[in-house]
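So this block is final_34.csv, CSV, C-alpha atoms:
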```csv
chain,number,residue,atom,x,y,z
A,1,GLY,CA,14.0,39.8,28.2
A,2,VAL,CA,15.7,37.1,30.3
A,3,ARG,CA,14.1,36.7,33.7
A,4,ALA,CA,14.5,34.4,36.7
A,5,VAL,CA,11.3,32.5,37.4
A,6,LYS,CA,10.1,30.4,40.3
A,7,ASN,CA,10.9,26.6,40.2
A,8,ILE,CA,13.2,26.9,37.1
A,9,PRO,CA,16.9,26.9,38.0
A,10,GLU,CA,18.1,29.0,35.0
A,11,PRO,CA,16.7,32.3,33.8
A,12,ILE,CA,14.5,32.0,30.7
A,13,HIS,CA,13.6,34.5,27.9
A,14,VAL,CA,10.0,35.9,28.4
A,15,PHE,CA,7.7,37.7,26.1
A,16,ARG,CA,4.7,40.0,26.7
A,17,VAL,CA,1.4,40.0,24.7
A,18,VAL,CA,-0.9,43.0,25.2
A,19,VAL,CA,-4.4,42.8,23.8
A,20,GLY,CA,-6.0,45.9,22.3
A,21,MET,CA,-3.1,48.2,23.1
A,22,GLN,CA,-3.1,51.4,21.1
A,23,LYS,CA,0.6,52.3,21.5
A,24,SER,CA,3.2,49.6,21.3
A,25,ALA,CA,6.0,49.4,23.8
A,26,PRO,CA,9.5,49.6,22.1
A,27,VAL,CA,11.2,46.4,21.1
A,28,GLU,CA,14.4,46.4,23.0
A,29,ILE,CA,17.3,44.0,22.7
A,30,GLY,CA,19.3,44.4,25.9
A,31,GLU,CA,19.3,48.3,25.7
A,32,LYS,CA,17.0,51.2,25.9
A,33,LEU,CA,16.1,53.2,22.8
A,34,ALA,CA,18.9,55.8,22.5
A,35,ILE,CA,18.5,59.3,21.2
A,36,ALA,CA,20.6,62.4,20.8
A,37,VAL,CA,19.3,66.0,20.7
A,38,LEU,CA,21.6,68.1,18.6
A,39,PRO,CA,21.9,71.8,19.3
A,40,PHE,CA,19.2,73.7,17.5
A,41,ALA,CA,20.5,76.1,14.8
A,42,ASN,CA,20.1,79.8,15.5
A,43,MET,CA,18.6,81.1,12.3
A,44,SER,CA,18.0,84.6,13.7
A,45,GLY,CA,21.3,86.0,12.4
A,46,ASP,CA,22.1,87.3,15.8
A,47,ASP,CA,24.6,85.4,17.9
A,48,GLU,CA,23.2,87.0,21.0
A,49,GLN,CA,20.0,84.9,20.5
A,50,ARG,CA,21.8,81.5,20.6
A,51,TYR,CA,20.8,81.1,24.3
A,52,PHE,CA,17.2,80.7,23.1
A,53,SER,CA,17.9,77.9,20.6
A,54,ASP,CA,20.2,76.2,23.2
A,55,GLY,CA,17.5,76.5,25.8
A,56,ILE,CA,14.9,74.7,23.6
A,57,ALA,CA,17.3,71.8,22.9
A,58,GLU,CA,18.3,71.6,26.6
A,59,ASP,CA,14.7,71.5,27.7
A,60,ILE,CA,13.9,68.7,25.2
A,61,ILE,CA,16.9,66.7,26.5
A,62,THR,CA,15.7,67.2,30.1
A,63,GLU,CA,12.1,66.1,29.3
A,64,LEU,CA,13.2,63.1,27.2
A,65,SER,CA,15.4,62.0,30.1
A,66,ARG,CA,12.3,61.5,32.3
A,67,PHE,CA,11.3,58.5,30.2
A,68,ARG,CA,12.6,55.2,31.5
A,69,THR,CA,12.4,53.6,28.1
A,70,LEU,CA,14.9,56.1,26.6
A,71,ALA,CA,18.6,56.6,26.9
A,72,VAL,CA,19.3,60.3,26.2
A,73,VAL,CA,22.8,61.5,25.3
A,74,ALA,CA,24.1,64.2,27.6
A,75,ARG,CA,24.1,67.8,26.5
A,76,ASN,CA,27.8,68.1,26.5
A,77,SER,CA,28.2,65.1,24.2
A,78,SER,CA,25.6,66.2,21.7
A,79,PHE,CA,26.5,69.9,21.7
A,80,VAL,CA,30.0,69.3,20.3
A,81,TYR,CA,28.2,69.2,16.9
A,82,ARG,CA,27.2,72.8,17.2
A,83,GLU,CA,27.3,74.8,13.9
A,84,GLN,CA,28.6,71.8,12.0
A,85,ALA,CA,27.1,70.3,8.9
A,86,VAL,CA,26.7,66.7,10.2
A,87,ASP,CA,25.8,63.4,8.7
A,88,VAL,CA,23.2,61.9,11.2
A,89,LYS,CA,24.5,58.4,10.5
A,90,ARG,CA,28.0,59.4,11.6
A,91,VAL,CA,26.7,61.3,14.6
A,92,ALA,CA,24.6,58.2,15.6
A,93,ASP,CA,27.5,55.9,15.2
A,94,GLU,CA,29.8,58.1,17.3
A,95,LEU,CA,27.1,58.6,20.0
A,96,HIS,CA,25.7,55.1,19.8
A,97,VAL,CA,22.1,56.2,19.2
A,98,ALA,CA,19.2,55.0,17.0
A,99,PHE,CA,17.5,58.4,16.7
A,100,VAL,CA,18.6,62.0,16.3
A,101,VAL,CA,16.6,65.2,17.0
A,102,GLU,CA,17.6,68.3,15.2
A,103,GLY,CA,16.0,71.7,14.6
A,104,SER,CA,16.2,75.4,14.2
A,105,VAL,CA,14.9,78.5,15.9
A,106,ARG,CA,14.2,81.8,14.1
A,107,LYS,CA,13.1,84.9,16.0
A,108,LEU,CA,11.7,87.9,14.2
A,109,ASP,CA,10.3,90.8,16.2
A,110,LYS,CA,7.8,89.3,18.6
A,111,ARG,CA,7.4,85.9,16.9
A,112,VAL,CA,9.4,82.8,16.9
A,113,ARG,CA,9.4,79.8,14.5
A,114,ILE,CA,10.8,76.5,15.8
A,115,THR,CA,11.3,73.5,13.6
A,116,VAL,CA,12.0,70.0,14.9
A,117,GLN,CA,12.8,66.8,13.1
A,118,LEU,CA,13.1,63.3,14.4
A,119,ILE,CA,15.4,61.2,12.2
A,120,ASN,CA,16.0,57.4,12.1
A,121,ALA,CA,19.8,57.5,12.1
A,122,GLN,CA,20.4,54.2,10.3
A,123,THR,CA,18.1,55.0,7.4
A,124,ARG,CA,18.7,58.8,7.5
A,125,ARG,CA,14.9,59.1,7.1
A,126,HIS,CA,12.7,61.6,8.8
A,127,VAL,CA,10.3,59.9,11.1
A,128,TRP,CA,8.5,63.1,12.0
A,129,ALA,CA,8.9,66.8,11.5
A,130,GLU,CA,7.0,69.8,12.7
A,131,LYS,CA,7.2,73.6,12.9
A,132,TYR,CA,5.8,75.8,15.6
A,133,ASP,CA,4.9,79.5,15.1
A,134,VAL,CA,4.4,81.2,18.5
A,135,GLU,CA,4.2,84.6,19.9
A,136,LEU,CA,7.1,85.6,22.1
A,137,ASN,CA,5.2,87.2,24.9
A,138,ALA,CA,6.6,85.1,27.6
A,139,LEU,CA,9.9,83.4,26.7
A,140,PHE,CA,9.8,80.6,29.2
A,141,ALA,CA,6.1,79.8,28.6
A,142,VAL,CA,7.0,79.4,24.9
A,143,GLN,CA,9.9,77.1,25.6
A,144,ASP,CA,7.8,75.0,28.0
A,145,ASP,CA,4.9,74.7,25.5
A,146,VAL,CA,7.1,73.8,22.6
A,147,THR,CA,9.1,71.3,24.7
A,148,ARG,CA,5.9,69.6,26.0
A,149,ARG,CA,4.5,69.3,22.5
A,150,VAL,CA,7.7,68.0,21.0
A,151,VAL,CA,8.3,65.4,23.7
A,152,ALA,CA,4.6,64.2,23.6
A,153,THR,CA,5.1,63.6,19.9
A,154,LEU,CA,8.6,62.2,19.8
A,155,VAL,CA,8.3,59.4,22.3
A,156,PRO,CA,5.4,57.6,20.6
A,157,ARG,CA,6.9,58.1,17.2
A,158,MET,CA,10.2,56.7,18.2
A,159,GLU,CA,8.6,53.7,19.8
A,160,THR,CA,6.5,53.0,16.7
A,161,GLU,CA,9.5,53.4,14.4
A,162,GLU,CA,11.5,51.0,16.5
A,163,LEU,CA,8.7,48.4,16.5
A,164,GLU,CA,8.5,48.6,12.7
A,165,ILE,CA,12.3,48.1,12.4
A,166,ALA,CA,11.9,45.0,14.6
A,167,ARG,CA,9.1,43.7,12.5
A,168,ARG,CA,11.1,43.9,9.3
A,169,ARG,CA,14.1,42.1,10.9
A,170,ALA,CA,14.4,38.4,9.9
A,171,PRO,CA,14.1,36.0,12.9
A,172,THR,CA,17.5,34.8,14.1
A,173,ASP,CA,16.2,32.1,16.4
A,174,MET,CA,13.8,29.8,14.5
A,175,ARG,CA,12.8,28.0,17.8
A,176,ALA,CA,11.7,31.3,19.3
A,177,TYR,CA,9.9,32.3,16.0
A,178,ASP,CA,8.1,28.9,16.1
A,179,CYS,CA,7.0,29.6,19.7
A,180,TYR,CA,5.8,33.0,18.6
A,181,LEU,CA,3.7,31.6,15.8
A,182,ARG,CA,2.2,29.0,18.0
A,183,GLY,CA,1.4,31.6,20.6
A,184,ARG,CA,-0.2,33.8,18.0
A,185,VAL,CA,-2.5,31.0,16.8
A,186,THR,CA,-3.5,30.3,20.4
A,187,TYR,CA,-4.1,34.0,21.1
A,188,TYR,CA,-6.4,34.4,18.0
A,189,ALA,CA,-8.3,31.2,18.8
A,190,ALA,CA,-9.0,32.4,22.3
A,191,ARG,CA,-10.0,35.8,21.2
A,192,ASP,CA,-12.3,34.4,18.5
A,193,ALA,CA,-13.9,32.0,21.0
A,194,ALA,CA,-14.5,34.9,23.4
A,195,ALA,CA,-16.2,36.9,20.7
A,196,ARG,CA,-18.8,34.2,20.0
```

Write out the structure in this file as structure tokens.
Amino acid sequence: GVRAVKNIPEPIHVFRVVVGMQKSAPVEIGEKLAIAVLPFANMSGDDEQRYFSDGIAEDIITELSRFRTLAVVARNSSFVYREQAVDVKRVADELHVAFVVEGSVRKLDKRVRITVQLINAQTRRHVWAEKYDVELNALFAVQDDVTRRVVATLVPRMETEELEIARRRAPTDMRAYDCYLRGRVTYYAARDAAAR
């Protein structure tokens, strides 16, 4: 981003290069990655069970909100889409988000199946999807476990997807792109010299 630096009167655009990093930081242009978690569909056939599907979605919203790199849409804004057949692109445009999480919860006797999907709203493409089959011995333990697993998977997937989108984008500032190419050559030359 643009930063003020010592001995230079005007702020300049700075870049970060990390060597050997396994997980890339999201490419941001002035804003955080934005995500909306839609209310999970209650597939149990029992309206009394809606509290459980709402609880899963609310917990995911809460946990995602802990990440500084994410902007998470508030529950009251995303829950207006409850029980609607929605087009994720339209939802994303209305809520100004890049990603949408949707899912469903199905309870049967003492088991629960939770499905979760992370969708790139612009392409309408699934970035990630998973289903969890768990015993319903302790309701809150199940919610906590599923929420933890979902969030641990979603954040890296979102960041990777955003980085790929940025890589495919054509450079808009040829001077900046030239600087990037020169820096890349210098970086690889230094790395190769260090390996000798």

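Each of A:Ala98, A:Ala4, A:Ala41, A:Ile114 was compared to Phe79 in chain A using all atoms listed in the file, and A:Ala41 turns out to be the nearest.
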
Taking only C-alpha atoms into account, produce a table as CSV in which each residue of range 44-140 of chain A with an atom at most 12 Å from an atom of range 165-176 of chain A appears once, together with its shortest atom pair and the distance in Å to one decimal, ordered by chain and rising number.
```
residue,atom,partner,partner_atom,distance
A:Ala98,CA,A:Ile165,CA,10.8
A:Asn120,CA,A:Ile165,CA,10.0
A:Gln122,CA,A:Ile165,CA,10.4
A:Thr123,CA,A:Ile165,CA,10.3
```

Requested write-out: C-alpha atoms of the selected residues, as a PDB file, keeping the file's coordinate frame:
```pdb
ATOM      1  CA  ALA A  98      19.200  55.000  17.000  1.00  0.00           C
ATOM      2  CA  ASN A 120      16.000  57.400  12.100  1.00  0.00           C
ATOM      3  CA  GLN A 122      20.400  54.200  10.300  1.00  0.00           C
ATOM      4  CA  THR A 123      18.100  55.000   7.400  1.00  0.00           C
TER       5      THR A 123
END
```

Set the distance at 10 Å and use all atoms listed in the file: which residues neighbour Arg75 in chain A once local chain neighbours fewer than 3 positions away are removed? I'd like the list as a list in words.
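With the cut-off at 10 Å, the set is Ala36, Val37, Leu38, Pro39, Asp54, Ala57, Glu58, Ile61, Thr62, Val72, Ser78, Phe79 and Val80 of chain A.
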
Name the residues in contact with Arg149 in chain A at a cut-off of 12 Å, using all atoms listed in the file, excluding same-chain residues fewer than 2 positions from it; report them as a list in words.
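Here the qualifying residues turn out to be Ile56, Asp59, Ile60, Glu63, Leu64, Ile114, Thr115, Val116, Glu130, Lys131, Tyr132, Val142, Gln143, Asp144, Asp145, Val146, Thr147, Val151, Ala152, Thr153, Leu154, Val155 and Pro156 of chain A.
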
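Taking CA of Glu135 in chain A and CA of Gln84 in chain A as the two end points, the separation is 28.7 Å.
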
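Of the residues under consideration (A:Lys107, A:Tyr188, A:Ile35, A:Arg113), A:Ile35 shows the shortest atom-to-atom contact distance to Ser77 in chain A when counting all atoms listed in the file.
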
In Å and to one decimal, CA of Phe99 in chain A is distant from CA of Thr160 in chain A by 12.3 Å

Exercise: Arg111 in chain A partners within 8 Å, all atoms listed in the file, chain neighbours under 5 positions left out, as JSON, numbers by chain:
{"A": [133, 134, 135, 136]}

Would you list the residues near (21.3, 82.5, 17.4), meaning any protein, DNA or RNA residue with an atom at most 12 Å from that point in file coordinates, counting all atoms listed in the file, as a list of chain:residue names?
A:Pro39, A:Phe40, A:Ala41, A:Asn42, A:Met43, A:Ser44, A:Gly45, A:Asp46, A:Asp47, A:Glu48, A:Gln49, A:Arg50, A:Tyr51, A:Phe52, A:Ser53, A:Asp54, A:Gly55, A:Ile56, A:Arg82, A:Glu83, A:Ser104, A:Val105, A:Arg106, A:Lys107, A:Leu108, A:Val112

Check the smallest atom-to-atom distance from each of A:Cys179, A:Ala92, A:Ile12, A:Leu70 to Arg124 in chain A using only C-alpha atoms, then report the winner.
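Under the stated criterion, the closest residue is A:Ala92.
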
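Distances here use all atoms listed in the file; by that measure, the residue among A:Glu10, A:Arg16, A:Gly103, A:Val5 closest to Arg184 in chain A is A:Arg16.
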
Could you check the closest approach to Val91 in chain A for each of A:Leu163, A:Ile8, A:Ala121, A:Ala194 and tell me which residue wins, using only C-alpha atoms?
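With only C-alpha atoms as the atom set, the closest residue is A:Ala121.
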
Figure out the distance between CA of Val100 in chain A and CA of Asn76 in chain A, please, to one decimal in Å.
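CA of Asn76 in chain A sits 15.0 Å away from CA of Val100 in chain A.
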